[in-house]
$ cat input.cif   # mmCIF, C-alpha atoms
data_model
loop_
_atom_site.label_atom_id
_atom_site.label_comp_id
_atom_site.auth_asym_id
_atom_site.auth_seq_id
_atom_site.Cartn_x
_atom_site.Cartn_y
_atom_site.Cartn_z
CA MET A 1 147.99 33.97 120.32
CA ASN A 2 150.12 31.05 119.14
CA ALA A 3 150.13 30.80 115.33
CA ILE A 4 148.63 27.28 115.34
CA LEU A 5 145.62 28.30 117.43
CA GLN A 6 145.32 31.58 115.53
CA THR A 7 145.06 29.59 112.29
CA LEU A 8 142.33 27.45 113.86
CA GLN A 9 140.50 30.55 115.09
CA PHE A 10 140.54 32.02 111.56
CA GLU A 11 139.35 28.77 109.97
CA VAL A 12 136.51 28.45 112.51
CA ALA A 13 135.41 32.04 111.84
CA SER A 14 135.47 31.42 108.09
CA SER A 15 133.43 28.24 108.35
CA LEU A 16 130.72 29.91 110.47
CA HIS A 17 130.61 33.21 108.58
CA ALA A 18 127.12 34.62 107.97
CA LEU A 19 125.19 31.73 109.55
CA ASP A 20 122.14 32.63 111.60
CA ALA A 21 120.90 30.65 114.60
CA THR A 22 118.51 28.62 112.44
CA GLN A 23 121.22 27.66 109.97
CA THR A 24 123.58 26.46 112.71
CA GLN A 25 120.95 23.85 113.59
CA LEU A 26 121.21 22.20 110.17
CA ARG A 27 122.49 18.65 109.89
CA PRO A 28 123.67 16.59 106.95
CA PRO A 29 120.70 15.76 104.70
CA ARG A 30 119.27 12.27 105.21
CA SER A 31 121.26 12.01 108.45
CA PRO A 32 119.11 13.40 111.25
CA ASP A 33 121.16 11.47 113.82
CA ARG A 34 124.37 13.33 112.89
CA TRP A 35 125.46 16.49 114.71
CA SER A 36 124.25 19.93 113.71
CA ILE A 37 126.74 22.71 112.97
CA GLN A 38 126.26 24.04 116.49
CA GLN A 39 126.79 20.59 118.02
CA ILE A 40 130.00 20.18 116.02
CA MET A 41 131.23 23.46 117.48
CA GLU A 42 130.12 22.48 120.99
CA HIS A 43 132.06 19.23 120.58
CA LEU A 44 135.15 21.26 119.69
CA PHE A 45 134.59 23.51 122.72
CA LEU A 46 134.45 20.42 124.93
CA THR A 47 137.75 19.20 123.48
CA TYR A 48 139.34 22.60 124.16
CA SER A 49 138.13 22.37 127.77
CA ALA A 50 139.41 18.79 128.09
CA ALA A 51 142.84 19.86 126.83
CA GLU A 52 142.85 22.74 129.31
CA SER A 53 141.95 20.37 132.14
CA ALA A 54 144.73 17.95 131.21
CA LEU A 55 147.29 20.76 131.07
CA GLN A 56 145.98 22.42 134.25
CA GLY A 57 146.18 19.11 136.09
CA ARG A 58 149.87 18.87 135.28
CA LEU A 59 150.46 22.53 136.15
CA ASP A 60 148.75 22.01 139.51
CA LYS A 61 151.11 19.08 140.21
CA GLY A 62 154.08 21.08 138.98
CA THR A 63 155.44 18.18 136.97
CA PRO A 64 154.91 16.89 133.45
CA THR A 65 153.27 13.53 132.90
CA LYS A 66 155.47 10.57 133.66
CA SER A 67 153.71 8.35 131.15
CA THR A 68 155.61 7.25 128.08
CA ALA A 69 154.22 6.73 124.63
CA THR A 70 153.34 3.16 123.74
CA PHE A 71 154.05 1.82 120.25
CA LYS A 72 150.39 2.41 119.40
CA ASN A 73 150.65 6.01 120.71
CA ARG A 74 153.72 6.65 118.57
CA VAL A 75 151.99 5.29 115.45
CA GLN A 76 148.92 7.42 116.14
CA GLN A 77 151.04 10.49 116.85
CA TYR A 78 152.89 9.97 113.56
CA ALA A 79 149.62 9.69 111.66
CA VAL A 80 148.18 12.82 113.25
CA PHE A 81 151.20 15.10 113.56
CA SER A 82 153.34 14.03 110.59
CA LEU A 83 150.65 13.08 108.09
CA GLY A 84 147.84 15.35 109.33
CA TYR A 85 145.54 12.31 109.32
CA PHE A 86 142.55 12.25 111.61
CA PRO A 87 140.62 8.96 111.66
CA THR A 88 136.96 9.10 110.71
CA GLY A 89 134.01 7.08 111.89
CA ARG A 90 135.10 6.76 115.51
CA PRO A 91 132.55 7.81 118.11
CA ALA A 92 133.59 10.71 120.29
CA PRO A 93 134.34 9.88 123.93
CA SER A 94 131.36 10.63 126.16
CA ILE A 95 133.20 13.47 127.89
CA VAL A 96 133.22 15.45 124.62
CA MET A 97 129.78 14.51 123.30
CA PRO A 98 127.76 17.67 122.66
CA PRO A 99 124.37 17.96 124.31
CA ASP A 100 121.14 18.49 122.43
CA THR A 101 120.84 22.16 121.55
CA THR A 102 118.44 24.07 123.77
CA HIS A 103 119.59 27.57 122.86
CA PRO A 104 120.47 28.03 119.18
CA LEU A 105 123.44 30.32 118.54
CA SER A 106 124.41 32.17 115.39
CA GLY A 107 127.68 31.64 113.58
CA SER A 108 129.03 34.90 115.00
CA GLU A 109 128.10 33.83 118.55
CA LEU A 110 129.80 30.46 118.03
CA THR A 111 132.85 32.22 116.58
CA GLN A 112 133.02 34.49 119.62
CA ALA A 113 132.81 31.47 121.93
CA ALA A 114 135.55 29.69 119.95
CA THR A 115 137.77 32.75 120.24
CA GLN A 116 137.34 32.77 124.02
CA TYR A 117 137.99 29.03 124.37
CA LEU A 118 141.08 29.21 122.15
CA ALA A 119 142.46 32.24 124.01
CA SER A 120 142.10 30.36 127.28
CA LEU A 121 143.71 27.23 125.81
CA ASP A 122 146.52 29.38 124.42
CA ALA A 123 147.22 30.92 127.83
CA ILE A 124 147.41 27.57 129.62
CA SER A 125 149.50 26.06 126.81
CA ARG A 126 152.00 28.89 127.14
CA GLU A 127 152.10 28.38 130.91
CA ALA A 128 152.76 24.64 130.45
CA GLU A 129 155.46 25.38 127.91
CA LYS A 130 157.19 27.79 130.30
CA LEU A 131 157.14 25.27 133.13
CA PHE A 132 157.82 22.05 131.23
CA GLY A 133 159.69 23.21 128.13
CA GLU A 134 159.20 21.59 124.74
CA GLY A 135 158.87 18.03 126.05
CA ARG A 136 155.75 16.10 126.91
CA CYS A 137 153.58 17.78 129.50
CA ALA A 138 150.19 16.06 129.67
CA ARG A 139 148.64 12.82 128.48
CA HIS A 140 145.98 12.65 125.78
CA ALA A 141 143.55 9.74 126.17
CA ALA A 142 144.25 8.27 122.72
CA LEU A 143 147.58 9.76 121.66
CA GLY A 144 149.48 9.43 124.92
CA PRO A 145 151.87 12.05 126.31
CA LEU A 146 151.99 15.27 124.28
CA SER A 147 153.92 18.51 124.39
CA ALA A 148 152.07 21.82 124.58
CA ASP A 149 152.73 22.35 120.87
CA GLN A 150 151.35 18.90 120.05
CA TRP A 151 148.21 19.73 122.05
CA ARG A 152 147.81 22.85 119.90
CA MET A 153 148.43 20.93 116.68
CA PHE A 154 145.96 18.25 117.73
CA GLN A 155 143.28 20.94 118.10
CA LEU A 156 144.04 22.28 114.63
CA ILE A 157 143.97 18.87 112.92
CA HIS A 158 140.91 17.74 114.87
CA GLY A 159 139.22 21.08 114.20
CA ARG A 160 139.86 20.81 110.46
CA HIS A 161 138.31 17.34 110.48
CA HIS A 162 135.09 18.82 111.86
CA LEU A 163 135.23 22.02 109.81
CA LYS A 164 135.06 19.79 106.72
CA GLN A 165 131.79 18.44 108.11
CA ILE A 166 130.47 21.98 108.53
CA ALA A 167 131.51 22.80 104.94
CA ALA A 168 129.66 19.69 103.72
CA ILE A 169 126.50 20.71 105.59
CA ARG A 170 126.75 24.22 104.14
CA ARG A 171 127.18 22.82 100.60
CA ALA A 172 124.29 20.40 101.02
CA HIS A 173 122.01 23.23 102.14
CA SER A 174 123.41 25.74 99.61
CA LEU A 175 124.70 28.12 102.26
#
$ encode --input "input.cif" --output "structure tokens"
Amino acid sequence: MNAILQTLQFEVASSLHALDATQTQLRPPRSPDRWSIQQIMEHLFLTYSAAESALQGRLDKGTPTKSTATFKNRVQQYAVFSLGYFPTGRPAPSIVMPPDTTHPLSGSELTQAATQYLASLDAISREAEKLFGEGRCARHAALGPLSADQWRMFQLIHGRHHLKQIAAIRRAHSL
């Protein structure tokens, strides 16, 4: 697996270590409208799937995206990729909103799912890199056209943003 996604996989596993299915349903105290640990992970899974879909769409067409980065895209890409900054307080797009939990999963089950999603994303990223090289390959809704490596780095930076939320929930509940 690519080192960037492997780092994310390790950090996800560490953040979910030793949580049972009841604990993954915990939310920030005094914030019952915020996502539970499991919903945070399901949001990340949806973003992995969305990245795969974007890359697969370009692979199916056999050509990289023709879109060019706008000034706003370039500023946002600089903030994310050069500074490691991920904006807070923005609502997630509806396509990556996690559903209400109907089947609670343990931390180890969520880790296993993350490993599978990341392995699949890694495979398609490698395929895109082989076909399109190091240049842009697919368009991200907010960041514009990204290379396969930028897609990986986005997942790491975005994942860390949400893993901090999981750490805060764990601290608040003394886990």
$ closest_atom_pairs --input "input.cif" --of "region 32-79 of chain A" --to "region 112-127 of chain A" --cutoff "7 Å" --atoms "all atoms listed in the file" --output "tab-separated table"
residue	atom	partner	partner_atom	distance
A:Phe45	CA	A:Tyr117	CA	6.7
A:Tyr48	CA	A:Tyr117	CA	6.6
A:Glu52	CA	A:Leu121	CA	5.8
A:Leu55	CA	A:Ile124	CA	7.0
$ closest_residue --input "input.cif" --among "A:Trp35, A:Leu131, A:Val80, A:Ser106" --to "Gln23 (chain A)" --atoms "only C-alpha atoms"
A:Ser106
$ closest_residue --input "input.cif" --among "A:Leu146, A:Ile166, A:Leu110, A:Leu175" --to "Ala128 (chain A)" --atoms "all atoms listed in the file"
A:Leu146
$ residues_around --input "input.cif" --residues "Pro98 (chain A)" --least-positions-apart "6" --cutoff "7 Å" --atoms "all atoms listed in the file" --output "list in words"
Gln39, Glu42 and His43 of chain A
$ atom_distance --input "input.cif" --atom1 "CA of Leu8 (chain A)" --atom2 "CA of Ile169 (chain A)"
19.1 Å
$ atom_distance --input "input.cif" --atom1 "CA of Ser108 (chain A)" --atom2 "CA of His17 (chain A)"
6.8 Å
$ resolve_selection --input "input.cif" --expression "the PyMOL selection byres ((chain A and resi 4) around 9)" --output "PyMOL selection string"
chain A and resi 1-3+5-9+149+152-153+155-156
$ resolve_selection --input "input.cif" --expression "the PyMOL selection byres ((chain A and resi 162-165) around 9)" --output "list in words"
Glu11, Val12, Ser15, Pro28, Ile37, Ile40, Met41, Leu44, Ile157, His158, Gly159, Arg160, His161, Ile166, Ala167, Ala168, Ile169 and Arg170 of chain A
$ closest_residue --input "input.cif" --among "A:Thr24, A:Ser94, A:Arg139, A:Thr68" --to "Gln56 (chain A)" --atoms "only C-alpha atoms"
A:Arg139
$ atom_distance --input "input.cif" --atom1 "CA of Leu143 (chain A)" --atom2 "CA of Ala79 (chain A)"
10.2 Å
$ closest_residue --input "input.cif" --among "A:Lys130, A:Arg171, A:Lys66, A:His140" --to "Ser53 (chain A)" --atoms "only C-alpha atoms"
A:His140
$ resolve_selection --input "input.cif" --expression "the PyMOL selection byres ((chain A and resi 29) around 9)" --output "PyMOL selection string"
chain A and resi 26-28+30-32+169+172-173
$ closest_residue --input "input.cif" --among "A:Gly135, A:Gly144, A:Gly107, A:Pro91" --to "Gln25 (chain A)" --atoms "all atoms listed in the file"
A:Gly107
$ axis_aligned_box --input "input.cif" --around "region 82-99 of chain A" --padding-each-side "6 Å" --output "JSON"
{"center_x": 138.9, "center_y": 12.4, "center_z": 118.0, "size_x": 41.0, "size_y": 23.2, "size_z": 31.8}
$ closest_residue --input "input.cif" --among "A:Thr111, A:Ala138, A:Ser36, A:Pro99" --to "Asp60 (chain A)" --atoms "all atoms listed in the file"
A:Ala138
$ residues_around --input "input.cif" --residues "Gln77 (chain A)" --least-positions-apart "5" --cutoff "10 Å" --atoms "all atoms listed in the file" --output "PyMOL selection string"
chain A and resi 69+71-72+82-85+142-146+150+154
$ build_atoms --input "input.cif" --residues "region 9-25 of chain A" --atoms "N, CA, C and O atoms" --output "PDB file, in the frame of the given file"
ATOM      1  N   GLN A   9     141.496  29.510 114.818  1.00  0.00           N
ATOM      2  CA  GLN A   9     140.500  30.550 115.090  1.00  0.00           C
ATOM      3  C   GLN A   9     140.003  31.159 113.767  1.00  0.00           C
ATOM      4  O   GLN A   9     138.799  31.341 113.570  1.00  0.00           O
ATOM      5  N   PHE A  10     140.908  31.458 112.854  1.00  0.00           N
ATOM      6  CA  PHE A  10     140.540  32.020 111.560  1.00  0.00           C
ATOM      7  C   PHE A  10     139.683  31.047 110.760  1.00  0.00           C
ATOM      8  O   PHE A  10     138.675  31.431 110.154  1.00  0.00           O
ATOM      9  N   GLU A  11     140.085  29.775 110.741  1.00  0.00           N
ATOM     10  CA  GLU A  11     139.350  28.770 109.970  1.00  0.00           C
ATOM     11  C   GLU A  11     137.946  28.538 110.548  1.00  0.00           C
ATOM     12  O   GLU A  11     136.986  28.350 109.799  1.00  0.00           O
ATOM     13  N   VAL A  12     137.825  28.567 111.877  1.00  0.00           N
ATOM     14  CA  VAL A  12     136.510  28.450 112.510  1.00  0.00           C
ATOM     15  C   VAL A  12     135.632  29.629 112.095  1.00  0.00           C
ATOM     16  O   VAL A  12     134.483  29.452 111.676  1.00  0.00           O
ATOM     17  N   ALA A  13     136.171  30.840 112.201  1.00  0.00           N
ATOM     18  CA  ALA A  13     135.410  32.040 111.840  1.00  0.00           C
ATOM     19  C   ALA A  13     134.952  31.977 110.382  1.00  0.00           C
ATOM     20  O   ALA A  13     133.798  32.307 110.071  1.00  0.00           O
ATOM     21  N   SER A  14     135.827  31.527 109.506  1.00  0.00           N
ATOM     22  CA  SER A  14     135.470  31.420 108.090  1.00  0.00           C
ATOM     23  C   SER A  14     134.363  30.400 107.853  1.00  0.00           C
ATOM     24  O   SER A  14     133.463  30.623 107.047  1.00  0.00           O
ATOM     25  N   SER A  15     134.427  29.297 108.567  1.00  0.00           N
ATOM     26  CA  SER A  15     133.430  28.240 108.350  1.00  0.00           C
ATOM     27  C   SER A  15     132.045  28.617 108.878  1.00  0.00           C
ATOM     28  O   SER A  15     131.037  28.101 108.409  1.00  0.00           O
ATOM     29  N   LEU A  16     132.001  29.518 109.850  1.00  0.00           N
ATOM     30  CA  LEU A  16     130.720  29.910 110.470  1.00  0.00           C
ATOM     31  C   LEU A  16     130.200  31.243 109.947  1.00  0.00           C
ATOM     32  O   LEU A  16     129.107  31.668 110.334  1.00  0.00           O
ATOM     33  N   HIS A  17     130.950  31.871 109.073  1.00  0.00           N
ATOM     34  CA  HIS A  17     130.610  33.210 108.580  1.00  0.00           C
ATOM     35  C   HIS A  17     129.182  33.274 108.016  1.00  0.00           C
ATOM     36  O   HIS A  17     128.784  32.437 107.220  1.00  0.00           O
ATOM     37  N   ALA A  18     128.450  34.257 108.480  1.00  0.00           N
ATOM     38  CA  ALA A  18     127.120  34.620 107.970  1.00  0.00           C
ATOM     39  C   ALA A  18     126.031  33.579 108.247  1.00  0.00           C
ATOM     40  O   ALA A  18     124.983  33.601 107.604  1.00  0.00           O
ATOM     41  N   LEU A  19     126.242  32.688 109.202  1.00  0.00           N
ATOM     42  CA  LEU A  19     125.190  31.730 109.550  1.00  0.00           C
ATOM     43  C   LEU A  19     124.332  32.304 110.667  1.00  0.00           C
ATOM     44  O   LEU A  19     124.846  32.818 111.653  1.00  0.00           O
ATOM     45  N   ASP A  20     123.023  32.189 110.510  1.00  0.00           N
ATOM     46  CA  ASP A  20     122.140  32.630 111.600  1.00  0.00           C
ATOM     47  C   ASP A  20     121.867  31.429 112.515  1.00  0.00           C
ATOM     48  O   ASP A  20     122.309  30.307 112.256  1.00  0.00           O
ATOM     49  N   ALA A  21     121.137  31.686 113.589  1.00  0.00           N
ATOM     50  CA  ALA A  21     120.900  30.650 114.600  1.00  0.00           C
ATOM     51  C   ALA A  21     120.066  29.488 114.066  1.00  0.00           C
ATOM     52  O   ALA A  21     120.161  28.370 114.584  1.00  0.00           O
ATOM     53  N   THR A  22     119.276  29.707 113.053  1.00  0.00           N
ATOM     54  CA  THR A  22     118.510  28.620 112.440  1.00  0.00           C
ATOM     55  C   THR A  22     119.426  27.757 111.581  1.00  0.00           C
ATOM     56  O   THR A  22     119.354  26.518 111.624  1.00  0.00           O
ATOM     57  N   GLN A  23     120.313  28.396 110.850  1.00  0.00           N
ATOM     58  CA  GLN A  23     121.220  27.660 109.970  1.00  0.00           C
ATOM     59  C   GLN A  23     122.229  26.817 110.744  1.00  0.00           C
ATOM     60  O   GLN A  23     122.625  25.754 110.269  1.00  0.00           O
ATOM     61  N   THR A  24     122.619  27.250 111.926  1.00  0.00           N
ATOM     62  CA  THR A  24     123.580  26.460 112.710  1.00  0.00           C
ATOM     63  C   THR A  24     122.947  25.182 113.267  1.00  0.00           C
ATOM     64  O   THR A  24     123.660  24.332 113.795  1.00  0.00           O
ATOM     65  N   GLN A  25     121.630  25.057 113.123  1.00  0.00           N
ATOM     66  CA  GLN A  25     120.950  23.850 113.590  1.00  0.00           C
ATOM     67  C   GLN A  25     120.823  22.794 112.488  1.00  0.00           C
ATOM     68  O   GLN A  25     120.329  21.685 112.716  1.00  0.00           O
TER      69      GLN A  25
END
